[in-house]
Structures are given as C-alpha cells and as structure tokens.
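Peer 1: Got coords.cif for you, mmCIF, C-alpha atoms and all ligand atoms:
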data_data
#
loop_
_atom_site.label_atom_id
_atom_site.label_comp_id
_atom_site.auth_asym_id
_atom_site.auth_seq_id
_atom_site.Cartn_x
_atom_site.Cartn_y
_atom_site.Cartn_z
CA VAL A 16 11.47 -15.45 1.96
CA SER A 17 8.18 -15.88 3.67
CA ASP A 18 5.46 -18.36 2.92
CA PHE A 19 2.22 -18.88 4.83
CA SER A 20 -1.37 -19.84 4.15
CA VAL A 21 -4.69 -18.09 4.67
CA ARG A 22 -7.71 -20.19 5.61
CA THR A 23 -11.10 -19.45 4.02
CA SER A 24 -14.47 -21.17 4.00
CA ILE A 25 -13.68 -22.66 0.57
CA GLY A 26 -10.12 -23.80 1.29
CA SER A 27 -6.72 -22.25 1.93
CA TYR A 28 -4.39 -20.28 -0.30
CA ARG A 29 -0.65 -19.71 -0.11
CA VAL A 30 0.98 -16.33 0.19
CA SER A 31 4.65 -16.04 -0.69
CA ILE A 32 6.78 -12.93 -0.29
CA ARG A 33 10.03 -12.93 -2.21
CA ALA A 34 11.88 -10.24 -4.16
CA GLY A 35 12.32 -11.28 -7.79
CA SER A 36 9.63 -13.99 -7.76
CA PHE A 37 7.29 -12.43 -10.34
CA PRO A 38 8.81 -13.85 -13.58
CA GLU A 39 8.21 -17.43 -12.38
CA VAL A 40 4.48 -16.80 -12.08
CA ILE A 41 4.04 -15.82 -15.71
CA ALA A 42 6.19 -18.62 -17.14
CA PRO A 43 4.31 -20.55 -19.86
CA GLY A 44 2.44 -23.53 -18.46
CA ARG A 45 1.81 -21.86 -15.12
CA CYS A 46 -1.38 -20.07 -16.19
CA THR A 47 -3.50 -19.41 -19.26
CA VAL A 48 -4.23 -15.68 -19.34
CA VAL A 49 -2.69 -12.66 -17.62
CA LEU A 50 -4.77 -9.64 -16.57
CA ALA A 51 -2.43 -6.69 -16.08
CA ASP A 52 -2.26 -2.98 -15.36
CA ARG A 53 -1.36 -1.25 -18.66
CA PHE A 54 1.49 0.44 -16.74
CA PHE A 55 3.35 -2.88 -17.23
CA ALA A 56 2.74 -3.13 -21.01
CA MET A 57 6.45 -2.71 -21.81
CA ALA A 58 7.60 -5.02 -19.04
CA LEU A 59 5.23 -7.73 -20.29
CA ALA A 60 5.90 -7.22 -24.01
CA ASN A 61 7.81 -10.49 -24.36
CA VAL A 62 5.60 -12.69 -22.23
CA GLU A 63 4.52 -15.78 -24.14
CA LEU A 64 0.99 -15.77 -22.71
CA PRO A 65 -2.06 -13.77 -23.77
CA VAL A 66 -2.25 -10.56 -21.71
CA VAL A 67 -5.43 -8.52 -21.19
CA PHE A 68 -4.53 -4.97 -20.18
CA VAL A 69 -6.53 -2.67 -17.94
CA ASP A 70 -6.26 1.10 -17.52
CA ALA A 71 -5.92 1.26 -13.74
CA ASP A 72 -8.13 4.21 -12.86
CA GLU A 73 -11.43 4.44 -11.01
CA THR A 74 -13.41 5.15 -14.20
CA HIS A 75 -12.57 1.63 -15.39
CA LYS A 76 -13.36 -0.19 -12.16
CA ASN A 77 -16.89 -1.07 -13.15
CA LEU A 78 -19.19 -3.68 -14.68
CA TYR A 79 -18.66 -2.38 -18.24
CA GLU A 80 -14.94 -3.01 -17.93
CA ALA A 81 -15.64 -6.41 -16.35
CA ASP A 82 -17.83 -7.25 -19.36
CA ARG A 83 -14.99 -6.31 -21.76
CA ILE A 84 -12.47 -8.36 -19.76
CA LEU A 85 -14.73 -11.44 -19.70
CA ALA A 86 -15.16 -11.25 -23.49
CA GLU A 87 -11.37 -10.96 -23.87
CA PHE A 88 -10.83 -14.00 -21.66
CA SER A 89 -13.07 -15.95 -24.01
CA ASP A 90 -11.34 -14.59 -27.15
CA ARG A 91 -7.95 -15.48 -25.65
CA GLY A 92 -9.02 -19.06 -25.06
CA LEU A 93 -9.48 -19.16 -21.28
CA THR A 94 -11.41 -22.36 -20.48
CA ARG A 95 -12.90 -23.74 -17.28
CA GLY A 96 -9.72 -25.79 -16.76
CA GLY A 97 -7.48 -22.73 -17.21
CA SER A 98 -6.32 -20.10 -14.76
CA LEU A 99 -5.67 -16.41 -14.52
CA VAL A 100 -2.84 -14.30 -13.11
CA ALA A 101 -3.75 -10.71 -12.18
CA VAL A 102 -0.85 -8.21 -11.99
CA GLY A 103 -1.47 -4.74 -10.59
CA GLY A 104 -2.65 -2.67 -7.65
CA GLY A 105 -6.08 -2.64 -6.03
CA ILE A 106 -7.93 -1.72 -9.21
CA VAL A 107 -6.64 -4.76 -11.10
CA GLN A 108 -7.25 -6.83 -7.96
CA ASP A 109 -10.90 -5.75 -7.80
CA LEU A 110 -11.46 -6.47 -11.50
CA GLY A 111 -9.48 -9.71 -11.33
CA THR A 112 -11.35 -11.02 -8.27
CA PHE A 113 -14.71 -10.26 -9.81
CA THR A 114 -14.04 -11.56 -13.33
CA ALA A 115 -12.32 -14.73 -12.07
CA SER A 116 -15.31 -15.40 -9.81
CA VAL A 117 -17.91 -15.24 -12.58
CA TYR A 118 -16.03 -16.43 -15.67
CA MET A 119 -17.58 -19.83 -16.45
CA ARG A 120 -18.82 -19.74 -12.83
CA GLY A 121 -15.32 -19.35 -11.48
CA VAL A 122 -11.72 -20.05 -12.50
CA PRO A 123 -8.70 -20.20 -10.17
CA TRP A 124 -6.57 -17.07 -10.10
CA THR A 125 -3.24 -15.92 -8.72
CA TYR A 126 -2.73 -12.36 -7.59
CA VAL A 127 0.54 -10.44 -7.93
CA PRO A 128 0.10 -7.11 -6.12
CA THR A 129 2.23 -4.25 -7.47
CA THR A 130 1.47 -1.36 -5.08
CA LEU A 131 2.56 -1.30 -1.45
CA MET A 132 -1.09 -0.94 -0.37
CA ALA A 133 -2.02 -4.12 -2.22
CA MET A 134 1.09 -6.01 -1.02
CA ALA A 135 0.68 -5.16 2.66
CA ASP A 136 -3.10 -5.04 2.89
CA SER A 137 -5.63 -5.83 0.17
CA CYS A 138 -3.91 -8.88 -1.40
CA ILE A 139 -5.36 -11.13 1.29
CA GLY A 140 -9.01 -11.14 2.20
CA GLY A 141 -10.54 -12.03 -1.16
CA LYS A 142 -12.82 -8.99 -1.54
CA SER A 143 -13.76 -7.28 -4.79
CA SER A 144 -15.47 -3.92 -5.16
CA LEU A 145 -16.64 -2.24 -8.36
CA ASN A 146 -17.97 1.28 -8.85
CA VAL A 147 -21.58 1.62 -10.02
CA SER A 148 -22.80 4.80 -11.76
CA GLY A 149 -20.19 6.86 -9.97
CA THR A 150 -20.77 5.36 -6.51
CA LYS A 151 -17.49 3.89 -5.35
CA ASN A 152 -17.29 0.22 -4.39
CA LEU A 153 -21.07 -0.34 -4.48
CA ALA A 154 -20.97 -3.85 -5.98
CA GLY A 155 -18.70 -6.69 -5.08
CA ASN A 156 -18.16 -10.18 -3.80
CA ILE A 157 -15.68 -12.38 -1.99
CA TYR A 158 -13.68 -14.87 -4.09
CA PRO A 159 -10.28 -15.78 -2.63
CA PRO A 160 -7.33 -16.29 -4.97
CA ALA A 161 -5.62 -19.67 -5.37
CA ALA A 162 -2.30 -18.01 -4.50
CA VAL A 163 -0.77 -14.61 -3.79
CA VAL A 164 2.78 -13.87 -4.93
CA VAL A 165 4.26 -10.72 -3.42
CA ASP A 166 7.36 -9.42 -5.21
CA PRO A 167 8.56 -6.27 -3.40
CA GLU A 168 10.68 -5.26 -6.40
CA PHE A 169 7.57 -3.60 -7.82
CA ILE A 170 7.81 -0.97 -5.05
CA ALA A 171 10.82 0.68 -6.72
CA SER A 172 8.71 2.39 -9.41
CA LEU A 173 5.99 3.72 -7.06
CA SER A 174 5.73 7.44 -6.27
CA GLU A 175 6.56 8.72 -2.77
CA GLU A 176 2.86 9.37 -2.28
CA ASP A 177 1.91 5.79 -3.22
CA VAL A 178 4.54 4.48 -0.80
CA ALA A 179 3.15 6.75 1.93
CA ALA A 180 -0.39 5.52 1.19
CA GLY A 181 0.75 1.92 1.50
CA LEU A 182 2.57 2.61 4.75
CA GLY A 183 -0.61 4.20 6.10
CA GLU A 184 -2.73 1.10 5.51
CA ALA A 185 0.11 -1.07 6.80
CA VAL A 186 0.59 0.77 10.11
CA LYS A 187 -3.17 0.84 10.57
CA ILE A 188 -3.29 -2.96 10.47
CA ALA A 189 -0.26 -3.26 12.75
CA PHE A 190 -1.77 -0.87 15.32
CA CYS A 191 -5.11 -2.69 15.24
CA GLY A 192 -3.16 -5.91 15.89
CA GLY A 193 -2.00 -4.74 19.33
CA ALA A 194 1.28 -3.94 21.07
CA ALA A 195 3.45 -6.79 19.73
CA ALA A 196 2.32 -6.28 16.11
CA PHE A 197 2.80 -2.51 16.35
CA GLU A 198 6.27 -2.80 17.90
CA ARG A 199 7.33 -5.29 15.25
CA TYR A 200 6.03 -2.90 12.59
CA LEU A 201 7.98 0.10 13.89
CA HIS A 202 11.10 -2.05 14.01
CA ASP A 203 10.62 -3.33 10.43
CA ALA A 204 9.68 0.10 9.08
CA ALA A 205 13.04 1.48 10.19
CA ASP A 206 14.67 -0.33 7.25
CA MET A 207 13.01 0.83 4.06
CA ASN A 208 15.45 -1.13 1.90
CA ASN A 209 14.14 -4.47 3.06
CA TRP A 210 10.39 -4.71 2.60
CA GLU A 211 9.88 -8.42 3.15
CA PRO A 212 9.76 -8.41 6.99
CA LEU A 213 7.39 -5.42 7.08
CA ILE A 214 4.98 -6.92 4.54
CA GLU A 215 5.11 -10.33 6.24
CA GLY A 216 4.42 -8.90 9.70
CA VAL A 217 1.48 -6.83 8.52
CA LEU A 218 -0.08 -9.64 6.45
CA LEU A 219 0.24 -12.08 9.35
CA THR A 220 -1.62 -9.57 11.54
CA LYS A 221 -4.34 -9.07 8.92
CA LYS A 222 -4.61 -12.86 8.53
CA ARG A 223 -5.72 -13.08 12.18
CA PHE A 224 -8.59 -10.69 11.52
CA ILE A 225 -9.81 -12.20 8.25
CA GLU A 226 -9.61 -15.80 9.37
CA VAL A 227 -11.93 -15.19 12.31
CA ASP A 228 -14.25 -12.92 10.31
CA GLU A 229 -14.06 -13.74 6.61
CA PHE A 230 -17.30 -11.94 5.75
CA ASP A 231 -16.65 -8.65 7.58
CA ARG A 232 -19.31 -8.88 10.28
CA GLY A 233 -17.27 -8.50 13.46
CA GLU A 234 -13.56 -8.20 14.25
CA ARG A 235 -12.57 -7.39 10.68
CA ARG A 236 -14.56 -4.16 10.92
CA LEU A 237 -11.96 -2.88 13.40
CA LEU A 238 -9.61 -2.58 10.41
CA ASN A 239 -11.75 0.37 9.35
CA PHE A 240 -9.74 2.44 11.85
CA GLY A 241 -9.14 5.90 10.31
CA HIS A 242 -11.67 5.25 7.56
CA THR A 243 -14.74 7.23 8.74
CA PHE A 244 -12.64 10.40 8.97
CA GLY A 245 -10.54 9.34 5.98
CA HIS A 246 -13.39 8.68 3.51
CA ALA A 247 -15.03 11.97 4.49
CA LEU A 248 -11.74 13.78 3.96
CA GLU A 249 -11.28 12.23 0.52
CA ALA A 250 -14.73 13.56 -0.44
CA ALA A 251 -14.10 16.97 1.17
CA THR A 252 -10.91 17.46 -0.87
CA ALA A 253 -12.64 16.33 -4.08
CA PHE A 254 -10.32 13.29 -3.96
CA SER A 255 -7.15 15.39 -4.34
CA VAL A 256 -6.08 13.57 -1.16
CA GLY A 257 -6.09 9.87 -2.02
CA HIS A 258 -7.43 7.05 0.09
CA GLY A 259 -4.28 5.80 1.84
CA VAL A 260 -3.08 9.28 2.77
CA ALA A 261 -6.59 10.28 3.93
CA VAL A 262 -6.62 7.23 6.21
CA ILE A 263 -3.38 8.40 7.87
CA VAL A 264 -4.91 11.82 8.59
CA GLY A 265 -8.04 9.91 9.65
CA MET A 266 -6.07 7.94 12.26
CA LEU A 267 -4.65 11.19 13.65
CA ALA A 268 -8.17 12.65 13.75
CA ALA A 269 -9.61 9.56 15.47
CA SER A 270 -6.89 9.84 18.10
CA SER A 271 -7.57 13.57 18.57
CA PHE A 272 -11.29 12.86 18.83
CA ARG A 273 -10.72 10.40 21.65
CA ARG A 274 -8.62 12.92 23.56
CA LEU A 275 -10.97 15.88 22.93
CA HIS A 276 -14.31 14.16 23.43
CA LEU A 277 -13.75 11.19 25.70
CA ALA A 278 -10.95 12.95 27.61
CA ASP A 279 -9.61 9.74 29.11
CA GLY A 280 -5.98 10.71 29.01
CA ALA A 281 -4.98 8.80 25.87
CA THR A 282 -2.13 10.29 23.82
CA HIS A 283 -1.19 7.54 21.28
CA ARG A 284 2.18 9.23 21.01
CA ALA A 285 4.06 6.55 19.05
CA LEU A 286 1.26 6.20 16.50
CA ARG A 287 0.94 9.94 16.02
CA GLU A 288 4.67 10.45 15.60
CA TYR A 289 4.87 7.69 13.03
CA CYS A 290 1.83 8.97 11.09
CA ARG A 291 3.31 12.47 10.97
CA SER A 292 6.60 11.05 9.69
CA ILE A 293 4.85 9.30 6.78
CA LEU A 294 2.84 12.40 5.91
CA GLU A 295 6.08 14.37 5.55
CA ARG A 296 6.77 12.27 2.44
CA VAL A 297 3.63 13.54 0.71
CA PRO A 298 4.21 16.62 -1.44
CA ASP A 299 1.83 19.63 -1.11
CA LEU A 300 -0.40 17.85 1.37
CA GLY A 301 -1.01 20.95 3.50
CA SER A 302 -2.35 23.00 0.61
CA ARG A 303 -4.70 20.19 -0.45
CA LEU A 304 -6.01 19.78 3.09
CA VAL A 305 -6.68 23.45 3.81
CA ASP A 306 -9.00 23.52 0.80
CA ALA A 307 -11.18 20.77 2.32
CA ASP A 308 -14.89 21.63 2.22
CA LEU A 309 -16.17 21.19 5.79
CA GLU A 310 -19.82 20.84 4.73
CA VAL A 311 -18.93 18.00 2.38
CA PHE A 312 -16.81 16.48 5.16
CA ARG A 313 -19.69 16.56 7.63
CA ALA A 314 -22.21 15.08 5.17
CA ALA A 315 -19.84 12.28 4.15
CA PHE A 316 -18.90 11.57 7.78
CA LEU A 317 -22.56 11.11 8.72
CA LYS A 318 -23.26 8.90 5.68
CA ASP A 319 -20.68 6.25 6.66
CA LYS A 320 -22.21 2.76 6.24
CA LYS A 321 -21.06 1.70 9.71
CA HIS A 322 -23.26 4.15 11.65
CA PRO A 323 -26.62 2.96 13.02
CA PRO A 324 -29.60 5.09 11.83
CA ASP A 325 -29.74 7.31 14.92
CA GLY A 326 -26.15 7.31 16.17
CA LEU A 327 -22.48 7.20 15.26
CA ARG A 328 -20.15 4.24 15.42
CA LEU A 329 -16.44 5.02 15.35
CA ILE A 330 -13.32 2.89 15.50
CA LEU A 331 -11.05 4.66 17.97
CA PRO A 332 -7.59 3.88 19.33
CA LYS A 333 -7.93 2.48 22.84
CA ALA A 334 -7.23 4.75 25.81
CA ASP A 335 -4.70 2.73 27.72
CA GLU A 336 -3.16 0.20 25.33
CA ILE A 337 -2.17 -0.26 21.69
CA GLY A 338 -5.16 -1.40 19.69
CA VAL A 339 -8.59 -0.14 18.66
CA GLU A 340 -12.20 -0.50 19.75
CA GLU A 341 -15.64 0.30 18.39
CA VAL A 342 -17.35 3.16 20.23
CA SER A 343 -21.04 4.10 19.87
CA LEU A 344 -22.01 7.74 20.31
CA PRO A 345 -25.11 9.91 19.86
CA ARG A 346 -25.43 12.22 16.85
CA SER A 347 -25.36 15.24 19.14
CA ALA A 348 -24.09 18.74 18.37
CA GLU A 349 -21.40 18.19 20.99
CA VAL A 350 -20.09 15.01 19.37
CA LEU A 351 -20.16 16.55 15.89
CA GLY A 352 -18.34 19.61 17.22
CA ALA A 353 -15.61 17.36 18.62
CA VAL A 354 -15.39 15.53 15.26
CA GLN A 355 -14.78 18.85 13.52
CA SER A 356 -12.21 19.98 16.10
CA ALA A 357 -10.42 16.64 15.83
CA LEU A 358 -10.20 16.99 12.06
CA SER A 359 -8.86 20.55 12.37
CA GLU A 360 -6.25 19.41 14.87
CA ALA A 361 -5.13 16.54 12.58
CA VAL A 362 -4.92 18.88 9.59
CA ARG A 363 -2.89 21.44 11.58
CA GLU A 364 -0.41 18.70 12.45
CA THR A 365 0.32 18.07 8.80
CA MET A 366 1.26 21.71 8.14
N1 LIG B 1 -10.24 -5.53 -2.97
C1 LIG B 1 -9.83 -5.00 -1.85
O1 LIG B 1 -9.76 -5.66 -0.82
C2 LIG B 1 -9.38 -3.58 -1.81
C3 LIG B 1 -8.87 -3.05 -0.62
C4 LIG B 1 -8.43 -1.74 -0.61
C5 LIG B 1 -8.54 -0.96 -1.75
N2 LIG B 1 -9.07 -1.49 -2.89
C6 LIG B 1 -9.19 -0.67 -4.10
O2 LIG B 1 -7.89 -0.51 -4.63
C7 LIG B 1 -7.84 0.67 -5.42
C8 LIG B 1 -6.56 1.40 -5.11
O3 LIG B 1 -5.51 0.50 -5.37
P1 LIG B 1 -3.96 0.87 -5.29
O4 LIG B 1 -3.75 1.99 -4.39
O5 LIG B 1 -3.25 -0.41 -5.06
O6 LIG B 1 -3.57 1.38 -6.73
P2 LIG B 1 -4.26 1.36 -8.15
O7 LIG B 1 -4.50 -0.01 -8.64
O8 LIG B 1 -5.41 2.32 -8.10
O9 LIG B 1 -3.11 2.02 -9.01
C9 LIG B 1 -2.73 3.37 -8.77
C10 LIG B 1 -1.74 3.82 -9.86
O10 LIG B 1 -0.48 3.17 -9.65
C11 LIG B 1 -0.04 2.56 -10.85
N3 LIG B 1 0.82 1.45 -10.46
C12 LIG B 1 0.49 0.21 -10.01
N4 LIG B 1 1.59 -0.49 -9.68
C13 LIG B 1 2.64 0.33 -9.92
C14 LIG B 1 4.05 0.19 -9.76
N5 LIG B 1 4.62 -0.91 -9.25
N6 LIG B 1 4.83 1.23 -10.12
C15 LIG B 1 4.30 2.38 -10.61
N7 LIG B 1 2.99 2.58 -10.78
C16 LIG B 1 2.17 1.55 -10.44
C17 LIG B 1 -1.30 2.24 -11.58
O11 LIG B 1 -1.09 2.11 -12.97
C18 LIG B 1 -2.16 3.45 -11.26
O12 LIG B 1 -1.85 4.52 -12.11
C19 LIG B 1 -9.09 1.44 -5.10
O13 LIG B 1 -9.99 1.33 -6.18
C20 LIG B 1 -9.67 0.73 -3.89
O14 LIG B 1 -11.07 0.82 -3.81
C21 LIG B 1 -9.49 -2.78 -2.94
#
As structure tokens - that is how I would like this structure written.
Peer 2:
Amino acid sequence: VSDFSVRTSIGSYRVSIRAGSFPEVIAPGRCTVVLADRFFAMALANVELPVVFVDADETHKNLYEADRILAEFSDRGLTRGGSLVAVGGGIVQDLGTFTASVYMRGVPWTYVPTTLMAMADSCIGGKSSLNVSGTKNLAGNIYPPAAVVVDPEFIASLSEEDVAAGLGEAVKIAFCGGAAAFERYLHDAADMNNWEPLIEGVLLTKKRFIEVDEFDRGERRLLNFGHTFGHALEAATAFSVGHGVAVIVGMLAASSFRRLHLADGATHRALREYCRSILERVPDLGSRLVDADLEVFRAAFLKDKKHPPDGLRLILPKADEIGVEEVSLPRSAEVLGAVQSALSEAVRETM
C-alpha cells in the first residue's frame, strides 16, 4: 500500500495505490455521481449511485460530449455540495477533469484510473485536454482532483498493447527522473505480477516534476521526451500505432538522433534494451511501422508546438548520464536528414 500527497497551487490531494481498493470509492455516501467508461457497465450494474457512462474513444473526447455529461450531472441530482468519481482511462480523465471544473463552477472529484498509462502517468498533474473539430487536445484546463485511487487490479483486463503503452510512458518518466529513478524502475519492472512498487516509483518521480512546474512552463516539459518523434509517427501511421507505443519508438529515435547528429558517444544501452523488450509485446508493430508515410512524418515533426518559429527544440537523452535535456537546433537540411535517419534506425530495431 502506498499513500502520498501531491501539492498544487490550490491545495494538496492524496494518491493511494492499493489492489482491491476500488469498491470502497463507489460505496454510497462517498460521492454523488459516477462518471465511467462504458467498458465497465456490467461491473457497475449493481452500484447504488447514479452512473453516467462515456464511450471511451477520441470521437467523444470533445465539448459536445462534455455538454451531454454536464446535463446528465444535473438530471442525476449533482449539486454544488456533491462530488464526482471518474472511473476510466485518459479519455474519461480528460472529460472528468473538464466537467468537474466547470459544473456549477467546480465540484470536487476523485479519479480512479483504469489503464496502466493513466495509473502510472496521467492520473497526477490535473490536466484536461479535449479535441476540437478533429484537432487533438486543442482545448483544456488544469483542475486537480480531490483524490486519486489507483487499483492495479484493473490492469488484468488490458490488452498486451495497452500494457506496453503504459510501460512506455512509465519508463519515460523514470528515465527523465535520473539514475536512481531509472534503476528503481528496472528493478520494479522485473516483477510484472506486483504493480504497486512500479506505479508508486513512477508517480513519485512525476510528482517531483509537476510540483515544481504545475503549469508546464519549465521542467515538466522534459517529460515530453519521445513525444516529438512519437506524435509525428502516430500521424504518419494514420494512428494505427497508438500514442504510448509511438512514444517508445520515439525514445529510441531520440537516442539514435543524439548518436547520429551530435556524435558525442552516447549509447543509452539500458534504455534501448528495455524499450525493445516492451515493443516485442506489441503484435504486428513492424508491419504498421513500415507503412509510415515519411512526408506526413516530416510535416508533423516540424509542426510540434515546442519548436520556436525558426528552429527545432528536442528533448534528448543526455550524453553521459541517465536523464534528458532540451536541445535547440537549426531547421537545416542536415538536422532534418539526421531526424529521418534516426527514425529509420528506430523502426529497423523493432523488426
Ligand atoms: N489528462 C492528461 O494528463 C492526459 C495525459 C496523457 C494522455 N491523455 C489522454 O488519454 C487518452 C488515452 O488514454 P488511455 O490510454 O488511458 O486509454 P483510453 O481512455 O483511451 O481507453 C482506451 C481503451 O481501453 C479501454 N479500457 C479502459 N480501461 C480498461 C481496462 N481496465 N480493461 C480493459 N479495457 C479498458 C477503454 O474502454 C478504451 O476502449 C488520450 O485521449 C490522451 O490524449 C490525457
């Protein structure tokens, strides 16, 4: 059992990690309304609280769905003195954060993450992002939960690919956290039957980043490691490679880029070996990656929000120690050539 708090500018919230803890959260009297992924409709059939269900796909992560949810909260009797429990992965988290923040100008909410990505990464930090007219995550805000309850028993029903995606985001945070965090992670990841230590270690590392930079203006941006390559790869494969898996390939590509372009002797051997071992769990990955459209990749890579207008800004693994750093580069043909070569090298490694 692990229990710690996360400090924010509007107070602190508790995070508890305990297998089997979920039923206590939805006991009558603990909250007023539940917002849940429809995947759990059967599991929640006998709950004595009103439940608002959400179809957890990207086409529902938008302001229209938020409007429907807010109306349902009202129909189900949620008042300003009430509270919400959101149960699901990142999609339910995004909708739950946003609707809790605006319903009657804000009601307290508890988040129960049900995917490994949400348990080990997104459940702390308080961000919401909604899609707008097809543009992913264009609108959003920051509204921390009152509590986060992590019940690793939800992991049992996830697909191998969803587990791999969660491990990708988790190892990214651990690596960004430096040598001690990364070593602890590799140790904890060796026992895949006991998730609590791994999730705790990763969340405690993420806590360090978000407490010093709640609004994503400095240190927290380092957690975008693997994301410039990863987002571009998602687009280039028409999203047949999902976010978490694309980030793993993105970390390999960022490491290759450092070696190919900066040529400062870095190998990042332990990270690369671990990333390759997770990717082996993903079925048919090679065939999805070889179909990547390089033109789409290049356009998406250049469009990344983090770049300054006339240059590139990449988060790269450091040369001589575990950890990452932000590196600014010109938009030259040479740099873009190295980006492409790094991607090809990372893709070849997954074959
Ligand atoms: N708010 C944030 O800080 C933040 C951070 C990262 C990502 N996100 C967002 O999160 C979304 C991705 O979230 P995700 O990967 O957690 O998954 P998800 O919410 O997109 O769900 C993916 C699928 O898994 C199913 N599912 C959920 N829990 C399950 C379980 N225990 N067993 C079996 N199936 C289950 C869902 O029904 C859905 O079909 C994206 O929209 C992304 O933009 C938000």
Peer 1: What do you get as a PyMOL selection string if you pick all residues at most 7 Å from ligand LIG 1 (chain B), counting all atoms listed in the file?
Peer 2: chain A and resi 52-54+70-73+103-109+129-133+137-138+140-144+152+169-174+177
Peer 1: Excluding range 208-224 of chain A and any residue of its chain fewer than 2 positions from it, enumerate the residues within 10 Å of it, using all atoms listed in the file, and give them as a PyMOL selection string.
Peer 2: chain A and resi 16-22+30-34+131-132+134-140+165-168+170-171+182+184-193+196-197+199-206+226-229+231+233-238
Peer 1: For a test of reading the model, state the distance in Å between CA of Val117 in chain A and CA of Val147 in chain A, rounded to one decimal.
Peer 2: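 Spanning CA of Val117 in chain A to CA of Val147 in chain A is a straight-line distance of 17.4 Å.
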Peer 1: Go through A:Glu310, A:Asp335, A:Glu364, A:Asp319 one by one, measure the shortest atom-to-atom distance of each to Arg273 in chain A using only C-alpha atoms, and give the residue with the smallest value.
Peer 2: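 Of the candidates, the smallest distance to Arg273 in chain A is held by A:Asp335.
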Peer 1: Which residues, written as number ranges by chain, have at least one atom at most 12 Å from range 75-91 of chain A, with all atoms listed in the file counted and residues fewer than 2 positions away on the same chain left out?
Peer 2: A: 47-52, 64-73, 93-95, 97-101, 104-122, 143-155
Peer 1: Find, counting all atoms listed in the file, the residue in A:Gly301, A:Gly326, A:Gly241, A:Pro332 that gets nearest to Gly280 in chain A.
Peer 2: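 For Gly280 in chain A, the nearest of the candidates is A:Pro332.
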Peer 1: Nearest to His322 in chain A: which of A:Pro38, A:Pro345, A:Gly265, A:Gly338 is it, counting only C-alpha atoms?
Peer 2: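 Of A:Pro38, A:Pro345, A:Gly265, A:Gly338, the one nearest His322 in chain A, counting only C-alpha atoms, is A:Pro345.
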Peer 1: Identify the residues within 9 Å of coordinate (-2.9, 15.5, 8.2) (same frame as the file), considering all atoms listed in the file, and give the answer as a PyMOL selection string.
Peer 2: chain A and resi 260-261+263-265+267-268+290-291+294+300-301+304+358-366
Peer 1: So the first atom is CA of Pro298 in chain A and the second is CA of Val256 in chain A; what is the distance between them in Å, to one decimal place?
Peer 2: 10.7 Å
Peer 1: Given the choices A:Thr243, A:Thr74, A:Ser270, A:Ile41, which gets closest to Lys333 in chain A if the distance is worked out from only C-alpha atoms?
Peer 2: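 Smallest separation from Lys333 in chain A among the options: A:Ser270.
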Peer 1: For the atom pair CA of Tyr289 in chain A and CA of Ala179 in chain A, what is the interatomic distance in Å to one decimal place?
Peer 2: 11.3 Å
Peer 1: Looking at all atoms listed in the file, which of A:Ala315, A:Val297, A:Met207, A:Ala357 is the one that sits closest to Ala253 in chain A?
Peer 2: A:Ala315
Peer 1: Compare A:Leu317, A:Ile337, A:Leu309, A:Ala195 by their minimum atom-to-atom distance to Val350 in chain A, counting all atoms listed in the file, and give me the closest one.
Peer 2: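 Distance minimum relative to Val350 in chain A lands on A:Leu317.
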Peer 1: Excluding same-chain residues fewer than 5 positions from Asp325 in chain A, what lies within 12 Å of it counting all atoms listed in the file, as a list of chain:residue names?
Peer 2: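 Surrounding residues, per the criterion: A:Leu317, A:Lys318, A:Ser343, A:Leu344, A:Pro345, A:Arg346, A:Ser347.
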